[in-house]
Amino acid sequence: MKVSLCFLVGATVSTTVNVDGFAPRTAFPSSRTRTTTTTTFSPSSTARFMILEKLFGAGGMNEAKIDYMALDYPGPEIGEAAREGKVLATSPRKDNLVVASFAGGCFWGVELAFQRVAGVEYTAVGYTQGEELEPTYGLVCSGATGHTEGLIVYYDPAVCKYESLLDTFFTFVDPTTVNGQGNDRGTQYRTGVYYHTPEQEEIAKARFAAEQEKLGSRKIASECKPGMPFWPAEKYHQQYLEKGGRFGSPQSAEKGSTDPIRCYG
């Protein structure tokens, strides 16, 4: 049986946003009211959780649940929406802000890339496109929950068009890589664009078609699918690189910054 783990060794990614070298990844903490889609998911089966517990023991099954209410905004409202099986189209608190979600491999680096986009007001990392309820980092890293590490973005469409978010996505990721980026591999690192509104769907599908035409015989592996409930990740993952990452060296989240992104800190 092949098991995907989250502890990986060096690789390098080169993109036009100057993503620097990858390093072994560990994940320990460092020193408005509208919805257009409502999806209800049934609780995970007891049998499946028993299998996960046998496979991963205390590494995932015994993790504490994430306290969504203790997260910085917009974490609490995202967590509440996920518990209700909802996919947000706009922020319940600030209905001028539109919501979109993406996945770009390890969520630390892709979050910083989107934080730097003018018009992006809030970001949060988490777990999406899976059916297990209230997933945790350990469970998602097992590769058995169906989720991918993702990013949710609240943006002001008067300042930032959805097309600009797609520009950032296609600049940051290699869309032809199957189930991963760099040396982070597994279904939990698959990349994708997950639309939350019919307008986003139309724009995203057209962009994927245009990108595929440019790639010719190289097939796009990134997903282009409807968004599913987005579960915020643990607090220590949020804005991880801006706060210093593993080495206590904060990276700029200023709008328009072109500083190289050190993907793990």
# chains A, B, ... in the order shown; residues from 1 in each chain; ligands from 1

$ closest_atom_pairs --of "range 122-237 of chain A" --to "range 247-263 of chain A" --cutoff "12 Å" --atoms "only C-alpha atoms" --output "JSON lines"
{"residue": "A:Tyr122", "atom": "CA", "partner": "A:Ala253", "partner_atom": "CA", "distance": 11.5}
{"residue": "A:Thr123", "atom": "CA", "partner": "A:Ala253", "partner_atom": "CA", "distance": 11.2}
{"residue": "A:Cys160", "atom": "CA", "partner": "A:Lys255", "partner_atom": "CA", "distance": 11.8}
{"residue": "A:Thr168", "atom": "CA", "partner": "A:Gly256", "partner_atom": "CA", "distance": 11.5}
{"residue": "A:Phe172", "atom": "CA", "partner": "A:Ile261", "partner_atom": "CA", "distance": 10.2}
{"residue": "A:Gln181", "atom": "CA", "partner": "A:Cys263", "partner_atom": "CA", "distance": 11.0}
{"residue": "A:Gly182", "atom": "CA", "partner": "A:Cys263", "partner_atom": "CA", "distance": 10.1}
{"residue": "A:Asn183", "atom": "CA", "partner": "A:Cys263", "partner_atom": "CA", "distance": 11.3}
{"residue": "A:Asp184", "atom": "CA", "partner": "A:Cys263", "partner_atom": "CA", "distance": 11.0}

$ write_last_selection --atoms "C-alpha atoms" --output "PDB file, in the first residue's frame"
ATOM      1  CA  TYR A 122      -8.569  38.824   2.731  1.00  0.00           C
ATOM      2  CA  THR A 123      -7.120  35.364   2.255  1.00  0.00           C
ATOM      3  CA  CYS A 160      -9.511  43.379  -8.967  1.00  0.00           C
ATOM      4  CA  THR A 168      -1.816  34.957 -10.599  1.00  0.00           C
ATOM      5  CA  PHE A 172       2.351  30.656  -9.879  1.00  0.00           C
ATOM      6  CA  GLN A 181       3.850  21.150  -7.382  1.00  0.00           C
ATOM      7  CA  GLY A 182       7.592  21.017  -6.936  1.00  0.00           C
ATOM      8  CA  ASN A 183       8.377  18.107  -4.652  1.00  0.00           C
ATOM      9  CA  ASP A 184       5.038  18.192  -2.840  1.00  0.00           C
TER      10      ASP A 184
END

$ select_by_dssp --residues "range 82-255 of chain A" --states "helix (DSSP H, G or I)" --output "ChimeraX atom specification"
/A:82-83,107-115,137-141,162-172,187-189,198-215,235-237,245-247

$ residues_around --residues "Val153 in chain A" --least-positions-apart "5" --cutoff "9 Å" --atoms "only C-alpha atoms" --output "list in words"
Val98, Val99, Ala100, Ser101, Phe102, Glu111, Phe114, Gln115, Val120, Glu121, Tyr122, Thr123, Ala124 and Val125 of chain A

$ atom_distance --atom1 "CA of Trp231 in chain A" --atom2 "CA of Ala82 in chain A"
6.0 Å

$ residues_around --residues "range 199-207 of chain A" --least-positions-apart "6" --cutoff "8 Å" --atoms "only C-alpha atoms" --output "list in words"
Tyr162, Glu163, Leu166, Val193, Cys224 and Pro226 of chain A

$ atom_distance --atom1 "CA of Val87 in chain A" --atom2 "CA of Glu132 in chain A"
15.2 Å

$ select_by_dssp --residues "range 117-163 of chain A" --states "strand (DSSP E or B)" --output "list of chain:residue names"
A:Val120, A:Glu121, A:Tyr122, A:Thr123, A:Ala124, A:Val125, A:Gly126, A:Tyr127, A:Thr128, A:Thr148, A:Glu149, A:Gly150, A:Leu151, A:Ile152, A:Val153, A:Tyr154, A:Tyr155

$ residues_around --residues "Ile66 in chain A" --least-positions-apart "2" --cutoff "9 Å" --atoms "only C-alpha atoms" --output "PyMOL selection string"
chain A and resi 63-64+68-70+134-136+232-235

$ residues_around --residues "Gly146 in chain A" --least-positions-apart "3" --cutoff "9 Å" --atoms "only C-alpha atoms" --output "ChimeraX atom specification"
/A:128-132,140,143,187-188

$ atom_distance --atom1 "CA of Tyr240 in chain A" --atom2 "CA of Cys141 in chain A"
17.4 Å

$ closest_residue --among "A:Lys214, A:Lys219, A:Arg116, A:Lys225" --to "His196 in chain A" --atoms "only C-alpha atoms"
A:Lys225
